[in-house]
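K.L.:
Mind looking over this structure? Questions follow.
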Amino acid sequence: MTTRIAVIGVGTIAQEHIKAYQQNPGAEVVALCDIDIERVKQRAEQFGVQRATGDVAEILSDSEIDAVSICVPNNLHAEIAEAALRAGKDVLVEKPMSTSVAEAEALVKATTETGQALQIGYVRRYAPNALVAKRFLDEDEFGRIYAARTTILRTAGNPGGWFGDKDVAGGGPLIDLGVHVVDLCWYLMGQPAAVAVSGATFDPIGARDNIQNLSRYRAASPTRVNNVEDYATAQIRFDGGAVLNVDVSYSLHTRNETAVQLFGEKGGVEIEPALHMVTERHDTLLHIEPQIDSLGFDFTVGFANQIENFLRICRREIPADAPAEHGLEMARMLTAIYESATTGSEVKITH
């Protein structure tokens, strides 16, 4: 069975979706859609896709299209995802699923009412290092996980464009970068319910547009608004007592760093920057380096695995495993962090 796909939004991340679909024999990319008509025509020519349009409604009303990948700016994710679900399409929506709790709740409702599948693009779950770590965690190799730590720090990592516009992006590095690693930790911890957060954000440095002699990713969007945080830090507490500490930045006077670590009663696992395990046997500490093709985050393999997983969901071979309910829990956590940063107080999370 071939799943016929339309990709909505054809910016940088959409290219990874298109390539992964085209390399998978179970998918056919039949249409691309973007409000920038020239760009969508260029992408269609680049990838050999016959149909290019600027009209989302045209895509959603086409009964020949089975599913969509939504790769538009953050503030449009929930609106287009809900419309697609109600039009009878299965949905792969880039992270974050929504920029508010209310939008996330509406998407949970839409999946229930329509019976269509919604999967969130948490690509780090599907990289080999995370898959191996999850197998060990599922087999209780590390015991109860009571703490986790995750960090994505960038010295000069503000992409500019719409990423710096809070009204469009929903926030800065927390909702852009942090969403990936907070989800990865939460997922590997067993998806416990978050009960409270304490957070802080800072913005003294800005987009670092003055920096020269350093190449970095720049968003295609021409806007230079920058009203998002430079740096966010938080502790999330979960039902049962486990905690997750988070530090993320676009602009910070430090070295670039990515780390994901989980700590359990019988051992611990580091997923980023490279898969590494620590445990104890016969009164001796052991450091274990698994022998796999890539100990770090393999972007290409992660995307290929994510797309294969989504296609299996579309074929109803498996249920969505990053469903709207997971996006709702993420929205609760991130919204509470931003609220805590504004009020200066711990914020309780209700379910």
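So you can find residues: chains in the structure tokens are A, B, ... in the order shown, residues in each start at 1, and ligands are numbered from 1 in order.
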Residues at most 6 Å from region 17-30 of chain A, counting only C-alpha atoms, excluding those fewer than 6 positions away in the same chain, as number ranges by chain?

P.N.:
A: 2-6, 304

K.L.:
May I have a table of the residues of region 306-348 of chain A lying at most 9 Å from region 214-235 of chain A, giving each one's closest pair of atoms and their distance in Å to one decimal, counting only C-alpha atoms, ordered by chain and ascending residue number, as CSV?

P.N.:
```
residue,atom,partner,partner_atom,distance
A:Ile337,CA,A:Ala234,CA,6.6
A:Tyr338,CA,A:Ala232,CA,8.8
A:Ser340,CA,A:Ala234,CA,8.9
A:Ala341,CA,A:Ala232,CA,8.6
```

K.L.:
Under the rule that only C-alpha atoms are counted, which of A:Ile175, A:Gly264, A:Val7, A:Ala274 is the nearest residue to Arg43 (chain A)?

P.N.:
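Smallest separation from Arg43 (chain A) among the options: A:Val7.
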
K.L.:
Smallest atom-to-atom distance to Ala102 (chain A): which of A:Gln119, A:Thr335, A:Thr300, A:Thr343, using only C-alpha atoms?

P.N.:
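Of all the options, A:Thr335 lies closest to Ala102 (chain A).
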
K.L.:
Using only C-alpha atoms, pick whichever of A:Leu328, A:Cys33, A:Ala259, A:Val72 has the shortest atom-to-atom distance to Lys109 (chain A).

P.N.:
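When distances to Lys109 (chain A) are compared using only C-alpha atoms, the smallest one comes from A:Leu328.
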
K.L.:
One decimal, in Å: what's the spacing between CA of Ser251 (chain A) and CA of Ala104 (chain A)?

P.N.:
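Rounded to one decimal, the two atoms are 28.7 Å apart.
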
K.L.:
Rounded to one decimal in Å, what is the spacing between CA of Ala156 (chain A) and CA of Arg208 (chain A)?

P.N.:
6.3 Å

K.L.:
With only C-alpha atoms as the basis for distance, which of A:Glu325, A:Thr114, A:Phe303, A:Val91 is at the shortest distance from Gln15 (chain A)?

P.N.:
A:Phe303

K.L.:
If you count only C-alpha atoms, which residues fall within 10 Å of region 176-180 of chain A, apart from same-chain ones fewer than 4 positions away, as a PyMOL selection string?

P.N.:
chain A and resi 74+95-97+121-125+150-153+163+169-172+184-185+232-233+246-250+327+330-331+333-334

K.L.:
Write the residues you've just listed into a file as a PDB file, in the first residue's frame, and include C-alpha atoms for each of them.

P.N.:
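Listed below is the output, part-v5.pdb:
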```pdb
ATOM      1  CA  ASN A  74       4.663  27.233  14.912  1.00  0.00           C
ATOM      2  CA  LYS A  95       7.170  20.181  16.851  1.00  0.00           C
ATOM      3  CA  PRO A  96       5.806  21.969  18.815  1.00  0.00           C
ATOM      4  CA  MET A  97       2.346  20.585  18.119  1.00  0.00           C
ATOM      5  CA  GLY A 121       7.615  15.214  14.756  1.00  0.00           C
ATOM      6  CA  TYR A 122       9.783  14.330  17.746  1.00  0.00           C
ATOM      7  CA  VAL A 123      12.527  12.997  15.508  1.00  0.00           C
ATOM      8  CA  ARG A 124      15.048  12.439  18.326  1.00  0.00           C
ATOM      9  CA  ARG A 125      12.909   9.577  19.647  1.00  0.00           C
ATOM     10  CA  THR A 150      19.044  18.074  29.458  1.00  0.00           C
ATOM     11  CA  THR A 151      20.901  20.928  27.829  1.00  0.00           C
ATOM     12  CA  ILE A 152      21.077  22.543  24.414  1.00  0.00           C
ATOM     13  CA  LEU A 153      23.270  25.629  24.679  1.00  0.00           C
ATOM     14  CA  PHE A 163      11.997  32.097  15.016  1.00  0.00           C
ATOM     15  CA  ALA A 169       7.162  31.024  17.210  1.00  0.00           C
ATOM     16  CA  GLY A 170       5.498  31.030  20.626  1.00  0.00           C
ATOM     17  CA  GLY A 171       8.855  31.633  22.317  1.00  0.00           C
ATOM     18  CA  GLY A 172      12.559  31.200  21.746  1.00  0.00           C
ATOM     19  CA  LEU A 184      13.014  12.895  24.779  1.00  0.00           C
ATOM     20  CA  CYS A 185      13.672  12.871  28.522  1.00  0.00           C
ATOM     21  CA  ALA A 232      15.705  29.507  29.558  1.00  0.00           C
ATOM     22  CA  THR A 233      16.269  27.332  32.604  1.00  0.00           C
ATOM     23  CA  VAL A 246      16.444  21.943  31.542  1.00  0.00           C
ATOM     24  CA  ASP A 247      18.835  24.587  30.153  1.00  0.00           C
ATOM     25  CA  VAL A 248      18.499  25.915  26.606  1.00  0.00           C
ATOM     26  CA  SER A 249      19.840  28.951  24.778  1.00  0.00           C
ATOM     27  CA  TYR A 250      20.097  30.733  21.457  1.00  0.00           C
ATOM     28  CA  GLY A 327       1.663  17.373  22.644  1.00  0.00           C
ATOM     29  CA  MET A 330       4.339  19.304  26.414  1.00  0.00           C
ATOM     30  CA  ALA A 331       2.173  22.415  26.039  1.00  0.00           C
ATOM     31  CA  MET A 333       5.026  22.020  30.688  1.00  0.00           C
ATOM     32  CA  LEU A 334       6.317  24.756  28.380  1.00  0.00           C
TER      33      LEU A 334
END
```

K.L.:
Quick one: of A:Asn213, A:Gln50, A:Gln116, A:Asn245, who's nearest to Ala147 (chain A), counting only C-alpha atoms?

P.N.:
A:Asn245

K.L.:
List every residue of region 246-325 of chain A that DSSP, applied to the backbone of this structure, places in strand (DSSP E), and write the result as a list in words.

P.N.:
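Written out, the strand (DSSP E) residues of region 246-325 of chain A are Val246, Asp247, Val248, Ser249, Glu257, Thr258, Ala259, Val260, Gln261, Leu262, Phe263, Gly264, Gly267, Gly268, Val269, Glu270, Ile271, Glu272, His276, Met277, Val278, Thr279, Glu280, Arg281, Thr284, Leu285, Leu286, His287 and Ile288 of chain A.
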
K.L.:
Calculate how many Å separate CA of Pro159 (chain A) from CA of Gly48 (chain A), rounding to one decimal.

P.N.:
28.2 Å

K.L.:
Let me make sure I understand: among A:Glu317, A:Gly344, A:Gly143, A:Val101, which one has the smallest atom-to-atom distance to Glu280 (chain A) if we use only C-alpha atoms?

P.N.:
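Result for the nearest residue to Glu280 (chain A): A:Gly143.
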
K.L.:
Would you please give, as a PyMOL selection string, all residues of region 88-197 of chain A that DSSP assigns to helix (DSSP H, G or I) based on the backbone?

P.N.:
chain A and resi 101-114+123-126+128-138+161-164+166-169+173-188

K.L.:
With N, CA and C atoms retained, write the just-selected residues as a short mmCIF file (atom, residue, chain, number, x, y, z; two decimals), in the first residue's frame.

P.N.:
```
data_model
loop_
_atom_site.label_atom_id
_atom_site.label_comp_id
_atom_site.auth_asym_id
_atom_site.auth_seq_id
_atom_site.Cartn_x
_atom_site.Cartn_y
_atom_site.Cartn_z
N VAL A 101 -1.97 25.63 25.39
CA VAL A 101 -2.68 24.48 25.94
C VAL A 101 -4.04 24.33 25.28
N ALA A 102 -4.73 25.45 25.05
CA ALA A 102 -6.07 25.39 24.45
C ALA A 102 -6.03 24.75 23.06
N GLU A 103 -5.03 25.12 22.27
CA GLU A 103 -4.89 24.52 20.94
C GLU A 103 -4.62 23.02 21.05
N ALA A 104 -3.79 22.65 22.00
CA ALA A 104 -3.46 21.23 22.19
C ALA A 104 -4.70 20.44 22.60
N GLU A 105 -5.49 21.01 23.48
CA GLU A 105 -6.72 20.33 23.90
C GLU A 105 -7.67 20.15 22.72
N ALA A 106 -7.73 21.15 21.84
CA ALA A 106 -8.59 21.06 20.66
C ALA A 106 -8.13 19.94 19.73
N LEU A 107 -6.82 19.73 19.64
CA LEU A 107 -6.30 18.68 18.77
C LEU A 107 -6.56 17.29 19.37
N VAL A 108 -6.46 17.17 20.67
CA VAL A 108 -6.83 15.91 21.30
C VAL A 108 -8.29 15.58 21.00
N LYS A 109 -9.13 16.58 21.13
CA LYS A 109 -10.55 16.40 20.83
C LYS A 109 -10.76 16.02 19.37
N ALA A 110 -10.04 16.66 18.46
CA ALA A 110 -10.20 16.39 17.03
C ALA A 110 -9.79 14.97 16.68
N THR A 111 -8.72 14.46 17.27
CA THR A 111 -8.31 13.09 16.97
C THR A 111 -9.36 12.10 17.49
N THR A 112 -9.93 12.40 18.64
CA THR A 112 -10.97 11.53 19.20
C THR A 112 -12.21 11.53 18.32
N GLU A 113 -12.61 12.70 17.88
CA GLU A 113 -13.85 12.83 17.11
C GLU A 113 -13.73 12.31 15.68
N THR A 114 -12.54 12.43 15.09
CA THR A 114 -12.38 12.03 13.69
C THR A 114 -11.86 10.62 13.51
N VAL A 123 11.62 13.86 16.26
CA VAL A 123 12.53 13.00 15.51
C VAL A 123 13.60 12.36 16.39
N ARG A 124 13.99 13.01 17.49
CA ARG A 124 15.05 12.44 18.33
C ARG A 124 14.64 11.12 18.98
N ARG A 125 13.36 10.87 19.11
CA ARG A 125 12.91 9.58 19.65
C ARG A 125 13.32 8.41 18.75
N TYR A 126 13.51 8.69 17.45
CA TYR A 126 13.67 7.62 16.48
C TYR A 126 15.11 7.45 16.00
N PRO A 128 18.93 6.05 16.40
CA PRO A 128 19.38 4.78 16.97
C PRO A 128 19.81 4.87 18.43
N ASN A 129 20.48 5.96 18.83
CA ASN A 129 20.94 6.05 20.23
C ASN A 129 19.75 6.07 21.19
N ALA A 130 18.67 6.78 20.82
CA ALA A 130 17.49 6.83 21.69
C ALA A 130 16.75 5.50 21.68
N LEU A 131 16.68 4.85 20.54
CA LEU A 131 15.99 3.56 20.45
C LEU A 131 16.69 2.50 21.31
N VAL A 132 18.02 2.51 21.29
CA VAL A 132 18.76 1.55 22.11
C VAL A 132 18.57 1.87 23.59
N ALA A 133 18.66 3.15 23.94
CA ALA A 133 18.46 3.55 25.34
C ALA A 133 17.08 3.13 25.83
N LYS A 134 16.07 3.33 24.99
CA LYS A 134 14.71 2.97 25.40
C LYS A 134 14.58 1.47 25.65
N ARG A 135 15.23 0.67 24.83
CA ARG A 135 15.17 -0.79 25.04
C ARG A 135 15.73 -1.14 26.41
N PHE A 136 16.86 -0.55 26.77
CA PHE A 136 17.46 -0.82 28.08
C PHE A 136 16.55 -0.31 29.21
N LEU A 137 15.96 0.86 29.02
CA LEU A 137 15.06 1.41 30.04
C LEU A 137 13.82 0.54 30.19
N ASP A 138 13.27 0.09 29.07
CA ASP A 138 12.08 -0.76 29.12
C ASP A 138 12.35 -2.09 29.83
N GLY A 161 14.63 35.45 11.48
CA GLY A 161 13.36 35.22 10.81
C GLY A 161 12.23 35.07 11.81
N TRP A 162 11.27 34.21 11.47
CA TRP A 162 10.10 34.07 12.35
C TRP A 162 10.44 33.40 13.68
N PHE A 163 11.61 32.74 13.77
CA PHE A 163 12.00 32.10 15.02
C PHE A 163 12.18 33.12 16.15
N GLY A 164 12.47 34.37 15.80
CA GLY A 164 12.66 35.40 16.81
C GLY A 164 11.41 36.18 17.14
N LYS A 166 7.94 36.20 18.80
CA LYS A 166 7.17 35.42 19.78
C LYS A 166 5.75 35.14 19.31
N ASP A 167 5.13 36.08 18.59
CA ASP A 167 3.76 35.88 18.12
C ASP A 167 3.67 34.71 17.13
N VAL A 168 4.74 34.45 16.42
CA VAL A 168 4.75 33.38 15.43
C VAL A 168 5.32 32.09 16.02
N ALA A 169 6.46 32.21 16.70
CA ALA A 169 7.16 31.02 17.21
C ALA A 169 6.61 30.52 18.53
N PRO A 173 14.34 29.66 22.38
CA PRO A 173 15.00 28.36 22.39
C PRO A 173 14.25 27.29 23.19
N LEU A 174 13.46 27.70 24.17
CA LEU A 174 12.72 26.70 24.95
C LEU A 174 11.73 25.94 24.08
N ILE A 175 10.95 26.67 23.29
CA ILE A 175 9.92 26.02 22.49
C ILE A 175 10.47 25.49 21.17
N ASP A 176 11.64 26.00 20.76
CA ASP A 176 12.24 25.56 19.50
C ASP A 176 13.19 24.39 19.72
N LEU A 177 14.14 24.53 20.62
CA LEU A 177 15.13 23.50 20.88
C LEU A 177 14.74 22.63 22.07
N GLY A 178 14.31 23.27 23.13
CA GLY A 178 13.98 22.55 24.36
C GLY A 178 12.89 21.53 24.17
N VAL A 179 11.94 21.83 23.29
CA VAL A 179 10.83 20.91 23.07
C VAL A 179 11.33 19.52 22.67
N HIS A 180 12.41 19.45 21.89
CA HIS A 180 12.95 18.17 21.46
C HIS A 180 13.49 17.37 22.64
N VAL A 181 14.33 18.01 23.43
CA VAL A 181 15.03 17.26 24.48
C VAL A 181 14.18 17.08 25.73
N VAL A 182 13.29 18.03 26.01
CA VAL A 182 12.34 17.80 27.10
C VAL A 182 11.46 16.61 26.76
N ASP A 183 10.98 16.56 25.52
CA ASP A 183 10.18 15.40 25.12
C ASP A 183 10.97 14.12 25.23
N LEU A 184 12.23 14.13 24.76
CA LEU A 184 13.01 12.90 24.78
C LEU A 184 13.19 12.38 26.20
N CYS A 185 13.53 13.28 27.12
CA CYS A 185 13.67 12.87 28.52
C CYS A 185 12.35 12.35 29.07
N TRP A 186 11.29 13.11 28.87
CA TRP A 186 9.97 12.75 29.40
C TRP A 186 9.52 11.40 28.83
N TYR A 187 9.74 11.19 27.55
CA TYR A 187 9.38 9.94 26.89
C TYR A 187 10.15 8.76 27.48
N LEU A 188 11.46 8.93 27.63
CA LEU A 188 12.28 7.85 28.15
C LEU A 188 12.05 7.61 29.65
#
```

K.L.:
Excluding Glu38 (chain A) and any residue of its chain fewer than 5 positions from it, enumerate the residues within 10 Å of it, using only C-alpha atoms, and give them as a list in words.

P.N.:
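Counting only C-alpha atoms, the residues come to Arg43, Ala44, Ala52, Thr53 and Gly54 of chain A.
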
K.L.:
Now that the selection is made, can you save its residues with N, CA, C and O atoms as a compact mmCIF listing (two decimals), in the first residue's frame?

P.N.:
```txt
# COMPACT_ATOMS: atom_id res chain seq x y z
N ARG A 43 10.73 24.17 -5.05
CA ARG A 43 10.85 22.90 -4.33
C ARG A 43 10.26 21.75 -5.16
O ARG A 43 10.81 20.65 -5.19
N ALA A 44 9.14 22.02 -5.82
CA ALA A 44 8.53 20.98 -6.65
C ALA A 44 9.47 20.56 -7.77
O ALA A 44 9.62 19.36 -8.06
N ALA A 52 2.23 21.77 -7.24
CA ALA A 52 2.63 22.82 -6.31
C ALA A 52 1.51 23.83 -6.21
O ALA A 52 0.97 24.28 -7.23
N THR A 53 1.15 24.18 -4.98
CA THR A 53 0.03 25.10 -4.77
C THR A 53 0.27 25.96 -3.55
O THR A 53 1.05 25.59 -2.66
N GLY A 54 -0.43 27.08 -3.50
CA GLY A 54 -0.38 27.94 -2.32
C GLY A 54 -1.64 27.85 -1.49
O GLY A 54 -1.80 28.59 -0.52
```

K.L.:
Can you list, as a count of residues only, every protein, DNA or RNA residue that comes within 10 Å of Ala84 (chain A) when you count only C-alpha atoms, leaving out same-chain residues fewer than 4 positions away?

P.N.:
19
